[in-house]
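File shown: my_file13.tsv (TSV, C-alpha atoms and all ligand atoms).
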```tsv
chain	number	residue	atom	x	y	z
A	1	MET	CA	-11.24	-8.45	-31.07
A	2	GLU	CA	-8.69	-5.96	-29.81
A	3	LYS	CA	-5.14	-7.22	-29.53
A	4	GLU	CA	-5.22	-7.03	-25.70
A	5	GLU	CA	-8.33	-9.16	-25.69
A	6	ILE	CA	-6.72	-11.72	-27.99
A	7	VAL	CA	-3.69	-11.92	-25.70
A	8	LYS	CA	-5.94	-12.42	-22.68
A	9	LYS	CA	-7.92	-15.18	-24.34
A	10	LEU	CA	-4.81	-16.97	-25.61
A	11	LYS	CA	-3.41	-16.95	-22.09
A	12	LYS	CA	-6.48	-18.92	-21.03
A	13	GLU	CA	-6.55	-21.28	-24.03
A	14	LEU	CA	-2.87	-22.20	-24.09
A	15	ASP	CA	-0.60	-23.79	-21.53
A	16	LYS	CA	2.17	-21.65	-20.06
A	17	ASN	CA	4.96	-22.81	-22.38
A	18	ARG	CA	2.81	-22.47	-25.47
A	19	TYR	CA	1.69	-19.01	-24.41
A	20	GLU	CA	5.28	-17.89	-23.94
A	21	HIS	CA	6.26	-19.46	-27.26
A	22	THR	CA	3.42	-17.54	-28.87
A	23	LEU	CA	4.71	-14.21	-27.53
A	24	GLY	CA	8.20	-15.16	-28.71
A	25	VAL	CA	6.89	-15.86	-32.22
A	26	MET	CA	4.94	-12.59	-32.17
A	27	TYR	CA	8.00	-10.46	-31.40
A	28	THR	CA	10.31	-12.45	-33.67
A	29	ALA	CA	7.84	-12.11	-36.54
A	30	GLY	CA	7.70	-8.37	-35.83
A	31	SER	CA	11.50	-8.16	-36.00
A	32	LEU	CA	11.64	-10.11	-39.27
A	33	ALA	CA	8.99	-7.79	-40.70
A	34	MET	CA	11.25	-4.84	-39.79
A	35	ALA	CA	14.24	-6.52	-41.44
A	36	TYR	CA	12.35	-7.21	-44.67
A	37	GLY	CA	10.23	-4.06	-44.82
A	38	CYS	CA	6.88	-5.77	-44.23
A	39	ASP	CA	3.84	-4.78	-42.19
A	40	MET	CA	4.94	-5.28	-38.60
A	41	GLU	CA	1.45	-5.27	-37.04
A	42	GLN	CA	0.25	-7.89	-39.50
A	43	ALA	CA	3.27	-10.10	-38.81
A	44	MET	CA	2.86	-9.75	-35.04
A	45	LEU	CA	-0.83	-10.62	-35.18
A	46	ALA	CA	-0.15	-13.70	-37.30
A	47	GLY	CA	2.62	-14.74	-34.91
A	48	LEU	CA	0.38	-14.20	-31.91
A	49	LEU	CA	-2.36	-16.43	-33.30
A	50	HIS	CA	-0.39	-19.07	-35.24
A	51	ASP	CA	-0.76	-21.76	-32.53
A	52	CYS	CA	-4.19	-20.70	-31.20
A	53	ALA	CA	-5.59	-24.23	-31.78
A	54	LYS	CA	-2.52	-26.09	-30.47
A	55	CYS	CA	-4.01	-26.96	-27.08
A	56	LEU	CA	-7.42	-28.18	-28.29
A	57	PRO	CA	-8.03	-31.88	-27.67
A	58	THR	CA	-7.51	-33.99	-30.81
A	59	GLU	CA	-11.25	-34.60	-31.32
A	60	GLN	CA	-11.87	-30.88	-31.23
A	61	LYS	CA	-9.21	-30.22	-33.86
A	62	ILE	CA	-10.80	-32.84	-36.10
A	63	LYS	CA	-14.29	-31.48	-35.44
A	64	VAL	CA	-13.34	-27.90	-36.25
A	65	CYS	CA	-11.81	-29.01	-39.56
A	66	GLU	CA	-14.70	-31.28	-40.51
A	67	LYS	CA	-17.23	-28.59	-39.73
A	68	HIS	CA	-15.48	-26.35	-42.24
A	69	ASP	CA	-15.14	-29.00	-44.92
A	70	ILE	CA	-11.39	-29.07	-44.57
A	71	LEU	CA	-10.18	-32.36	-46.01
A	72	ILE	CA	-8.21	-34.40	-43.46
A	73	SER	CA	-5.52	-36.51	-45.12
A	74	GLY	CA	-4.37	-39.95	-44.00
A	75	VAL	CA	-1.14	-38.50	-42.65
A	76	GLU	CA	-3.11	-35.91	-40.67
A	77	ARG	CA	-5.35	-38.64	-39.21
A	78	GLU	CA	-2.23	-40.49	-38.14
A	79	ASN	CA	-0.59	-37.31	-36.82
A	80	PRO	CA	-3.50	-35.14	-35.69
A	81	GLY	CA	-1.05	-32.67	-34.16
A	82	LEU	CA	-0.59	-31.38	-37.70
A	83	LEU	CA	-4.21	-30.22	-37.73
A	84	HIS	CA	-3.59	-27.37	-35.28
A	85	ALA	CA	-2.51	-25.24	-38.23
A	86	LYS	CA	-5.72	-25.64	-40.26
A	87	ALA	CA	-7.91	-25.59	-37.15
A	88	GLY	CA	-6.00	-22.47	-36.05
A	89	MET	CA	-6.91	-20.72	-39.28
A	90	VAL	CA	-10.60	-21.42	-38.57
A	91	LEU	CA	-10.43	-20.26	-34.94
A	92	ALA	CA	-8.47	-17.14	-35.86
A	93	GLU	CA	-11.30	-16.13	-38.15
A	94	GLU	CA	-14.30	-17.31	-36.16
A	95	VAL	CA	-13.24	-16.83	-32.57
A	96	TYR	CA	-10.60	-14.09	-32.79
A	97	GLY	CA	-12.27	-12.12	-35.58
A	98	ILE	CA	-9.37	-12.04	-38.04
A	99	SER	CA	-10.46	-11.27	-41.59
A	100	ASP	CA	-7.07	-10.58	-43.23
A	101	PRO	CA	-6.67	-13.48	-45.69
A	102	LEU	CA	-2.86	-13.21	-45.55
A	103	ILE	CA	-2.83	-13.73	-41.78
A	104	LEU	CA	-5.24	-16.66	-42.08
A	105	HIS	CA	-3.11	-18.23	-44.81
A	106	ALA	CA	0.11	-17.85	-42.83
A	107	ILE	CA	-1.52	-19.68	-39.91
A	108	LYS	CA	-2.82	-22.42	-42.20
A	109	VAL	CA	0.57	-23.28	-43.66
A	110	HIS	CA	2.83	-22.61	-40.67
A	111	THR	CA	3.58	-26.26	-39.82
A	112	THR	CA	4.32	-27.90	-43.18
A	113	GLY	CA	4.90	-24.79	-45.26
A	114	GLU	CA	3.93	-24.89	-48.92
A	115	PRO	CA	5.85	-24.32	-52.15
A	116	ASP	CA	6.45	-20.69	-53.15
A	117	MET	CA	5.19	-19.10	-49.93
A	118	ASN	CA	4.52	-15.38	-49.69
A	119	MET	CA	6.59	-13.12	-47.45
A	120	LEU	CA	4.28	-13.28	-44.42
A	121	ASP	CA	4.06	-17.10	-44.66
A	122	LYS	CA	7.84	-17.32	-44.60
A	123	ILE	CA	8.18	-14.85	-41.73
A	124	ILE	CA	5.82	-16.93	-39.57
A	125	TYR	CA	7.36	-20.23	-40.64
A	126	VAL	CA	10.82	-18.99	-39.68
A	127	ALA	CA	9.79	-17.08	-36.52
A	128	ASP	CA	8.10	-20.25	-35.23
A	129	TYR	CA	11.41	-22.11	-35.46
A	130	ILE	CA	13.84	-19.46	-34.20
A	131	GLU	CA	11.95	-17.57	-31.45
A	132	PRO	CA	14.03	-17.15	-28.28
A	133	MET	CA	12.21	-19.85	-26.24
A	134	ARG	CA	13.17	-22.57	-28.73
A	135	SER	CA	16.22	-24.50	-27.74
A	136	GLU	CA	15.87	-28.06	-28.98
A	137	ALA	CA	16.70	-27.73	-32.68
A	138	PRO	CA	20.27	-28.22	-33.89
A	139	ARG	CA	22.13	-25.36	-35.64
A	140	LEU	CA	19.84	-22.77	-34.03
A	141	ALA	CA	22.48	-20.05	-33.81
A	142	GLU	CA	23.33	-20.43	-37.49
A	143	ILE	CA	19.70	-20.57	-38.60
A	144	ARG	CA	18.77	-17.55	-36.45
A	145	GLN	CA	21.49	-15.49	-38.12
A	146	MET	CA	20.46	-16.65	-41.58
A	147	ALA	CA	16.85	-15.61	-40.88
A	148	PHE	CA	17.79	-11.95	-40.97
A	149	LYS	CA	20.06	-12.27	-44.02
A	150	ASP	CA	18.33	-14.59	-46.47
A	151	LEU	CA	14.80	-15.74	-45.72
A	152	ASN	CA	14.53	-18.30	-48.56
A	153	SER	CA	17.78	-20.01	-47.56
A	154	CYS	CA	16.62	-20.01	-43.97
A	155	VAL	CA	13.32	-21.69	-44.92
A	156	ALA	CA	15.32	-24.26	-46.91
A	157	GLU	CA	17.59	-25.10	-43.97
A	158	ILE	CA	14.68	-25.39	-41.54
A	159	LEU	CA	12.88	-27.77	-43.90
A	160	HIS	CA	16.05	-29.79	-44.35
A	161	ASP	CA	16.55	-30.17	-40.60
A	162	THR	CA	12.84	-30.85	-39.99
A	163	LEU	CA	12.80	-33.65	-42.55
A	164	HIS	CA	15.97	-35.08	-41.06
A	165	TYR	CA	14.39	-34.97	-37.59
A	166	LEU	CA	11.15	-36.56	-38.84
A	167	SER	CA	13.00	-39.33	-40.69
A	168	GLY	CA	14.31	-40.54	-37.35
A	169	ARG	CA	10.86	-40.69	-35.79
A	170	LYS	CA	7.72	-42.78	-36.05
A	171	GLY	CA	5.27	-40.22	-37.50
A	172	SER	CA	4.95	-40.09	-41.27
A	173	ILE	CA	5.97	-37.12	-43.35
A	174	ASP	CA	3.19	-34.96	-44.76
A	175	PRO	CA	3.34	-34.60	-48.56
A	176	SER	CA	3.16	-30.81	-48.09
A	177	THR	CA	6.38	-30.80	-46.07
A	178	GLN	CA	8.05	-32.85	-48.80
A	179	LEU	CA	6.76	-30.63	-51.62
A	180	THR	CA	7.78	-27.50	-49.73
A	181	TYR	CA	11.31	-28.83	-49.33
A	182	ARG	CA	11.48	-29.77	-53.00
A	183	PHE	CA	10.67	-26.15	-53.85
A	184	TYR	CA	13.05	-24.50	-51.37
A	185	GLU	CA	15.95	-26.92	-51.86
A	186	GLN	CA	17.23	-24.64	-54.64
A	187	TYR	CA	17.98	-21.99	-51.99
A	188	ARG	CA	20.24	-24.16	-49.86
A	189	GLN	CA	23.69	-22.73	-49.53
A	190	PRO	CA	26.77	-24.88	-49.96
A	191	GLU	CA	28.24	-25.86	-46.62
A	192	LYS	CA	31.04	-23.67	-45.40
A	193	GLU	CA	34.40	-25.30	-44.97
A	194	ASN	CA	36.31	-24.52	-41.83
A	201	LIG	O1	3.34	-25.84	-33.16
A	201	LIG	P1	4.83	-25.72	-32.93
A	201	LIG	O2	5.37	-26.82	-32.09
A	201	LIG	O3	5.22	-24.38	-32.43
A	201	LIG	O4	5.56	-25.83	-34.36
A	201	LIG	P2	4.96	-26.45	-35.70
A	201	LIG	O5	3.58	-26.00	-35.92
A	201	LIG	O6	5.97	-26.14	-36.77
A	201	LIG	O7	4.94	-27.97	-35.43
A	201	LIG	C1	6.19	-28.56	-35.24
A	201	LIG	C2	6.06	-30.04	-35.26
A	201	LIG	O8	5.45	-30.47	-36.45
A	201	LIG	C3	7.47	-30.63	-35.22
A	201	LIG	O9	7.50	-31.61	-34.18
A	201	LIG	C4	7.62	-31.27	-36.55
A	201	LIG	C5	6.18	-31.52	-36.94
A	201	LIG	N1	6.03	-31.65	-38.38
A	201	LIG	C6	6.34	-30.78	-39.36
A	201	LIG	N2	6.12	-31.33	-40.57
A	201	LIG	C7	5.65	-32.58	-40.32
A	201	LIG	C8	5.58	-32.78	-38.93
A	201	LIG	N3	5.15	-33.94	-38.35
A	201	LIG	C9	4.79	-34.94	-39.17
A	201	LIG	N4	4.38	-36.07	-38.65
A	201	LIG	N5	4.83	-34.81	-40.53
A	201	LIG	C10	5.25	-33.66	-41.15
A	201	LIG	O10	5.31	-33.60	-42.38
A	202	FE	FE	2.39	-24.73	-34.67
A	203	FE	FE	4.47	-22.49	-32.93
```
When written as structure tokens, how does the structure in this file appear?
Ligand code: DGI
Ligand code: FE
Ligand code: FE
Amino acid sequence: MEKEEIVKKLKKELDKNRYEHTLGVMYTAGSLAMAYGCDMEQAMLAGLLHDCAKCLPTEQKIKVCEKHDILISGVERENPGLLHAKAGMVLAEEVYGISDPLILHAIKVHTTGEPDMNMLDKIIYVADYIEPMRSEAPRLAEIRQMAFKDLNSCVAEILHDTLHYLSGRKGSIDPSTQLTYRFYEQYRQPEKEN
């Protein structure tokens, strides 16, 4: 599919906020790719498609994963929202015609992350959190600035804040999120005194 066609289809598949978020992630991922000397088109395409399965009904997300023999964990059954990442990887390939394995992988891991992510994975993980439409997370200004200076530290801080946020809520924490934090914790920077 041509990029224009993908954009048109996503506009139909996603609700308005999600569509705008998607464009925000696309441009933010493109900017991060510029900052870190990565392939900008690849980053923008991954950003554009990262949430392509977000607005599917829960049963559809489960069905798409089961059809592709993707194992659904207990935590994912309890929190089926998590499945939009894995289902998104499938749709990106099957419906949107993406064959680049790096793009598909970045979509797959964009919600929980995974230990020792590659550059594109980290760009999408961070862009998803800092894109201009986001406003709810704490420390956004600080984390946005860090994104363009030290990507590993930025991933570490996002994971830290995400785990903190999840600990105060009902849903259980996915082992992948935990393992990812355990890996990136080493990149946390000591708090500044002021
Ligand atoms: O799809 P988006 O909203 O753009 O962003 P996302 O794919 O990063 O999903 C964010 C949500 O996922 C956010 O509310 C936190 C949640 N999340 C991340 N890790 C976990 C998690 N939810 C649960 N239950 N467990 C996790 O480990
Ligand atoms: Fe997402
Ligand atoms: Fe997103």
His50 (chain A) surroundings by only C-alpha atoms, 8 Å radius, close-in-sequence under 4 positions cut, as a PyMOL selection string: chain A and resi 22+46+85+88-89+106-107+110+124
Exercise: region 155-167 of chain A partners within 12 Å, all atoms listed in the file, chain neighbours under 4 positions left out, as a ChimeraX atom specification: /A:79,110-119,121-130,136-140,142-151,171-191
Between CA of Leu120 (chain A) and CA of Ala43 (chain A) - distance in Å to one decimal: 6.5 Å
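Going from CA of Ala92 (chain A) over to CA of Lys63 (chain A), you cover 15.5 Å.
Take CA of Thr58 (chain A) and CA of Pro80 (chain A): the distance between them is 6.4 Å.
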A:Lys170, A:Lys108, A:Lys3, A:His68 ranked by distance to Met44 (chain A), top pick (using only C-alpha atoms): A:Lys3
Spatial neighbours of Pro132 (chain A), 10 Å, only C-alpha atoms, chain gap at least 5 places, as number ranges by chain: A: 20-21, 23-25, 27-28, 127, 140, 144
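Among A:Lys11, A:His105, A:Lys54, A:Lys67, the residue with the shortest atom-to-atom distance to ligand FE 203 (chain A), counting only C-alpha atoms and all ligand atoms, is A:Lys54.
If all atoms listed in the file are the atoms counted, then among A:Arg169, A:Lys61, A:Lys12, A:Arg134 the closest residue to ligand FE 203 (chain A) is A:Arg134.
Among the candidates A:Asp51, A:Asp69, A:Glu5, A:Asp39, the one nearest to ligand LIG 201 (chain A) when counting all atoms listed in the file is A:Asp51.
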Contact residues around Met40 (chain A) with all atoms listed in the file at 8 Å, ignoring same-chain residues under 5 positions, as a PyMOL selection string: chain A and resi 29-31+33-34
Proximity to ligand LIG 201 (chain A) - best of A:Glu2, A:Ile98, A:Ala87, A:Glu59, only C-alpha atoms and all ligand atoms: A:Ala87
Reconstruct region 173-184 of chain A at the level of all heavy atoms, and format the result as a PDB file, keeping the file's coordinate frame.
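This is the output file selection_26.pdb:
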```
ATOM      1  N   ILE A 173       5.730 -38.465 -42.829  1.00  0.00           N
ATOM      2  CA  ILE A 173       5.970 -37.120 -43.350  1.00  0.00           C
ATOM      3  C   ILE A 173       4.804 -36.692 -44.228  1.00  0.00           C
ATOM      4  O   ILE A 173       4.344 -37.440 -45.087  1.00  0.00           O
ATOM      5  CB  ILE A 173       7.311 -37.097 -44.109  1.00  0.00           C
ATOM      6  CG1 ILE A 173       8.456 -37.236 -43.094  1.00  0.00           C
ATOM      7  CG2 ILE A 173       7.457 -35.817 -44.913  1.00  0.00           C
ATOM      8  CD1 ILE A 173       9.790 -37.544 -43.683  1.00  0.00           C
ATOM      9  N   ASP A 174       4.308 -35.499 -43.987  1.00  0.00           N
ATOM     10  CA  ASP A 174       3.190 -34.960 -44.760  1.00  0.00           C
ATOM     11  C   ASP A 174       3.691 -34.600 -46.168  1.00  0.00           C
ATOM     12  O   ASP A 174       4.766 -34.020 -46.313  1.00  0.00           O
ATOM     13  CB  ASP A 174       2.658 -33.715 -44.055  1.00  0.00           C
ATOM     14  CG  ASP A 174       1.319 -33.268 -44.618  1.00  0.00           C
ATOM     15  OD1 ASP A 174       1.307 -32.685 -45.715  1.00  0.00           O
ATOM     16  OD2 ASP A 174       0.302 -33.523 -43.950  1.00  0.00           O
ATOM     17  N   PRO A 175       2.911 -34.949 -47.193  1.00  0.00           N
ATOM     18  CA  PRO A 175       3.340 -34.600 -48.560  1.00  0.00           C
ATOM     19  C   PRO A 175       3.619 -33.101 -48.717  1.00  0.00           C
ATOM     20  O   PRO A 175       4.503 -32.723 -49.494  1.00  0.00           O
ATOM     21  CB  PRO A 175       2.157 -35.018 -49.436  1.00  0.00           C
ATOM     22  CG  PRO A 175       1.317 -35.923 -48.611  1.00  0.00           C
ATOM     23  CD  PRO A 175       1.652 -35.692 -47.170  1.00  0.00           C
ATOM     24  N   SER A 176       2.904 -32.263 -47.981  1.00  0.00           N
ATOM     25  CA  SER A 176       3.160 -30.810 -48.090  1.00  0.00           C
ATOM     26  C   SER A 176       4.571 -30.462 -47.636  1.00  0.00           C
ATOM     27  O   SER A 176       5.235 -29.614 -48.242  1.00  0.00           O
ATOM     28  CB  SER A 176       2.185 -30.007 -47.238  1.00  0.00           C
ATOM     29  OG  SER A 176       0.888 -30.288 -47.609  1.00  0.00           O
ATOM     30  N   THR A 177       5.027 -31.085 -46.564  1.00  0.00           N
ATOM     31  CA  THR A 177       6.380 -30.800 -46.070  1.00  0.00           C
ATOM     32  C   THR A 177       7.403 -31.184 -47.140  1.00  0.00           C
ATOM     33  O   THR A 177       8.353 -30.447 -47.414  1.00  0.00           O
ATOM     34  CB  THR A 177       6.655 -31.589 -44.771  1.00  0.00           C
ATOM     35  OG1 THR A 177       5.562 -31.388 -43.864  1.00  0.00           O
ATOM     36  CG2 THR A 177       7.948 -31.157 -44.114  1.00  0.00           C
ATOM     37  N   GLN A 178       7.159 -32.335 -47.757  1.00  0.00           N
ATOM     38  CA  GLN A 178       8.050 -32.850 -48.800  1.00  0.00           C
ATOM     39  C   GLN A 178       8.066 -31.896 -50.020  1.00  0.00           C
ATOM     40  O   GLN A 178       9.123 -31.539 -50.530  1.00  0.00           O
ATOM     41  CB  GLN A 178       7.504 -34.215 -49.246  1.00  0.00           C
ATOM     42  CG  GLN A 178       8.534 -35.105 -49.889  1.00  0.00           C
ATOM     43  CD  GLN A 178       9.305 -35.898 -48.853  1.00  0.00           C
ATOM     44  OE1 GLN A 178       8.717 -36.653 -48.082  1.00  0.00           O
ATOM     45  NE2 GLN A 178      10.610 -35.726 -48.836  1.00  0.00           N
ATOM     46  N   LEU A 179       6.868 -31.518 -50.448  1.00  0.00           N
ATOM     47  CA  LEU A 179       6.760 -30.630 -51.620  1.00  0.00           C
ATOM     48  C   LEU A 179       7.393 -29.272 -51.331  1.00  0.00           C
ATOM     49  O   LEU A 179       8.017 -28.660 -52.198  1.00  0.00           O
ATOM     50  CB  LEU A 179       5.290 -30.415 -52.003  1.00  0.00           C
ATOM     51  CG  LEU A 179       4.607 -31.596 -52.688  1.00  0.00           C
ATOM     52  CD1 LEU A 179       3.099 -31.342 -52.830  1.00  0.00           C
ATOM     53  CD2 LEU A 179       5.237 -31.837 -54.069  1.00  0.00           C
ATOM     54  N   THR A 180       7.206 -28.797 -50.099  1.00  0.00           N
ATOM     55  CA  THR A 180       7.780 -27.500 -49.730  1.00  0.00           C
ATOM     56  C   THR A 180       9.303 -27.581 -49.797  1.00  0.00           C
ATOM     57  O   THR A 180       9.962 -26.691 -50.333  1.00  0.00           O
ATOM     58  CB  THR A 180       7.337 -27.097 -48.306  1.00  0.00           C
ATOM     59  OG1 THR A 180       5.919 -27.202 -48.226  1.00  0.00           O
ATOM     60  CG2 THR A 180       7.735 -25.665 -47.999  1.00  0.00           C
ATOM     61  N   TYR A 181       9.854 -28.684 -49.275  1.00  0.00           N
ATOM     62  CA  TYR A 181      11.310 -28.830 -49.330  1.00  0.00           C
ATOM     63  C   TYR A 181      11.796 -28.902 -50.778  1.00  0.00           C
ATOM     64  O   TYR A 181      12.801 -28.283 -51.136  1.00  0.00           O
ATOM     65  CB  TYR A 181      11.790 -30.057 -48.558  1.00  0.00           C
ATOM     66  CG  TYR A 181      13.297 -30.184 -48.583  1.00  0.00           C
ATOM     67  CD1 TYR A 181      14.102 -29.167 -48.072  1.00  0.00           C
ATOM     68  CD2 TYR A 181      13.913 -31.302 -49.146  1.00  0.00           C
ATOM     69  CE1 TYR A 181      15.485 -29.251 -48.119  1.00  0.00           C
ATOM     70  CE2 TYR A 181      15.302 -31.392 -49.189  1.00  0.00           C
ATOM     71  CZ  TYR A 181      16.073 -30.368 -48.676  1.00  0.00           C
ATOM     72  OH  TYR A 181      17.445 -30.449 -48.730  1.00  0.00           O
ATOM     73  N   ARG A 182      11.066 -29.635 -51.598  1.00  0.00           N
ATOM     74  CA  ARG A 182      11.480 -29.770 -53.000  1.00  0.00           C
ATOM     75  C   ARG A 182      11.562 -28.391 -53.662  1.00  0.00           C
ATOM     76  O   ARG A 182      12.421 -28.143 -54.488  1.00  0.00           O
ATOM     77  CB  ARG A 182      10.500 -30.682 -53.752  1.00  0.00           C
ATOM     78  CG  ARG A 182      11.211 -31.684 -54.615  1.00  0.00           C
ATOM     79  CD  ARG A 182      10.274 -32.737 -55.192  1.00  0.00           C
ATOM     80  NE  ARG A 182       9.936 -33.784 -54.240  1.00  0.00           N
ATOM     81  CZ  ARG A 182       8.890 -34.589 -54.364  1.00  0.00           C
ATOM     82  NH1 ARG A 182       8.057 -34.461 -55.385  1.00  0.00           N
ATOM     83  NH2 ARG A 182       8.656 -35.539 -53.468  1.00  0.00           N
ATOM     84  N   PHE A 183      10.638 -27.508 -53.292  1.00  0.00           N
ATOM     85  CA  PHE A 183      10.670 -26.150 -53.850  1.00  0.00           C
ATOM     86  C   PHE A 183      11.848 -25.336 -53.304  1.00  0.00           C
ATOM     87  O   PHE A 183      12.552 -24.656 -54.051  1.00  0.00           O
ATOM     88  CB  PHE A 183       9.350 -25.415 -53.571  1.00  0.00           C
ATOM     89  CG  PHE A 183       9.329 -24.022 -54.137  1.00  0.00           C
ATOM     90  CD1 PHE A 183       8.901 -23.792 -55.444  1.00  0.00           C
ATOM     91  CD2 PHE A 183       9.772 -22.932 -53.391  1.00  0.00           C
ATOM     92  CE1 PHE A 183       8.911 -22.508 -55.980  1.00  0.00           C
ATOM     93  CE2 PHE A 183       9.783 -21.649 -53.920  1.00  0.00           C
ATOM     94  CZ  PHE A 183       9.351 -21.437 -55.226  1.00  0.00           C
ATOM     95  N   TYR A 184      12.062 -25.399 -51.985  1.00  0.00           N
ATOM     96  CA  TYR A 184      13.050 -24.500 -51.370  1.00  0.00           C
ATOM     97  C   TYR A 184      14.480 -25.038 -51.421  1.00  0.00           C
ATOM     98  O   TYR A 184      15.430 -24.297 -51.161  1.00  0.00           O
ATOM     99  CB  TYR A 184      12.648 -24.150 -49.931  1.00  0.00           C
ATOM    100  CG  TYR A 184      11.562 -23.098 -49.952  1.00  0.00           C
ATOM    101  CD1 TYR A 184      10.221 -23.454 -49.860  1.00  0.00           C
ATOM    102  CD2 TYR A 184      11.878 -21.752 -50.156  1.00  0.00           C
ATOM    103  CE1 TYR A 184       9.215 -22.502 -49.946  1.00  0.00           C
ATOM    104  CE2 TYR A 184      10.887 -20.792 -50.242  1.00  0.00           C
ATOM    105  CZ  TYR A 184       9.570 -21.169 -50.135  1.00  0.00           C
ATOM    106  OH  TYR A 184       8.591 -20.213 -50.237  1.00  0.00           O
TER     107      TYR A 184
END
```
